[in-house]
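Remarks on the structure that follows.
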Amino acid sequence: APSSPGWAGPLLASSSCWLHELIRPPCLLCMALLFSLFSSSSAASPRPLLVTNADGAEGFAVLTALVSARDPSSLVGCVDSAGSENSLALRALGVALRPADDLRGCFSGVSFALLAAPLTADRAARASELIAAAVAARDEE
């Protein structure tokens with residue numbers, strides 16, 4: 001575990017915790033990160049939340065769970081393929097979809113992002129791209 005786990009400290013106390021295995025370099029770049037992008041919001045509506053790799057197994061599972069917990073119109077999915085089965089299911093649930101080939105557009109106007117890199121051989125590199133895009137979007141606001 002990292003020397004300063006911060007918010008994850010209590011979760012890392014048990015070596016049987018699945019998070020214990022994720023919060024270790026180089027896996028840190030691979031895990032999903034909740035990243036606060038902007039501070040302004042309207043109290044009348046939920047702040048927009050983006051989930052990357054939304055048409056992948058992890059992103060799809062997160063978004064479908066979130067649909068039951070918050071207004072689907074406040075959810076945004078960044079997808080590799082707008083025509084995939086998962087993308088079509090998300091769209092039917094009311095989730096807005098944005099193309100992953102335009103990361104700047106994916107992060108535009110969202111307050112929070114859950115960064116889930118695809119489960120591919122280049123996952124660490126893709127996670128780094130997502131983090132850089134999120135930071136750039138935050139810095140532009």
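Note on naming: chains are A, B, ... as they come in the structure tokens, residues start from 1 per chain, ligands start from 1 in the order shown.
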
>> Show me, as a list in words, the residues that have an atom within 7 Å of segment 48-63 of chain A when counting only C-alpha atoms, minus same-chain residues fewer than 4 positions from it.
In response: Val67, Ser74, Leu75, Val76, Gly77, Cys78, Val79, Asp80, Asn86, Ser87, Val110, Ser111, Phe112, Ala113, Leu114, Leu115, Ala116, Ala117 and Pro118 of chain A

> What lies within 8 Å of Ser73 of chain A using only C-alpha atoms, ignoring chain neighbours under 6 positions off, as an NGL selection string?
Replying inline: :A and (94-96)

Print the selection's residues with N, CA, C and O atoms to a file, as a short mmCIF file (atom, residue, chain, number, x, y, z; two decimals), in the first residue's frame.
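Saved file again20.cif follows:
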```
data_model
loop_
_atom_site.label_atom_id
_atom_site.label_comp_id
_atom_site.auth_asym_id
_atom_site.auth_seq_id
_atom_site.Cartn_x
_atom_site.Cartn_y
_atom_site.Cartn_z
N GLY A 94 -31.50 6.80 -20.74
CA GLY A 94 -31.49 8.24 -20.63
C GLY A 94 -30.12 8.84 -20.36
O GLY A 94 -30.00 10.04 -20.08
N VAL A 95 -29.06 8.03 -20.46
CA VAL A 95 -27.69 8.52 -20.24
C VAL A 95 -27.20 9.18 -21.53
O VAL A 95 -27.35 8.62 -22.61
N ALA A 96 -26.63 10.37 -21.42
CA ALA A 96 -26.05 11.05 -22.58
C ALA A 96 -24.72 10.37 -22.92
O ALA A 96 -23.94 10.05 -22.03
#
```

>> I need the residues in segment 42-117 of chain A that are helix (DSSP H, G or I) according to DSSP; give them as a count of residues only.
In response: 28

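For the residues A:Thr64, A:Leu119, A:Ala69, A:Leu130, ranking by smallest atom-to-atom distance to Cys106 of chain A using only C-alpha atoms places A:Leu130 first.
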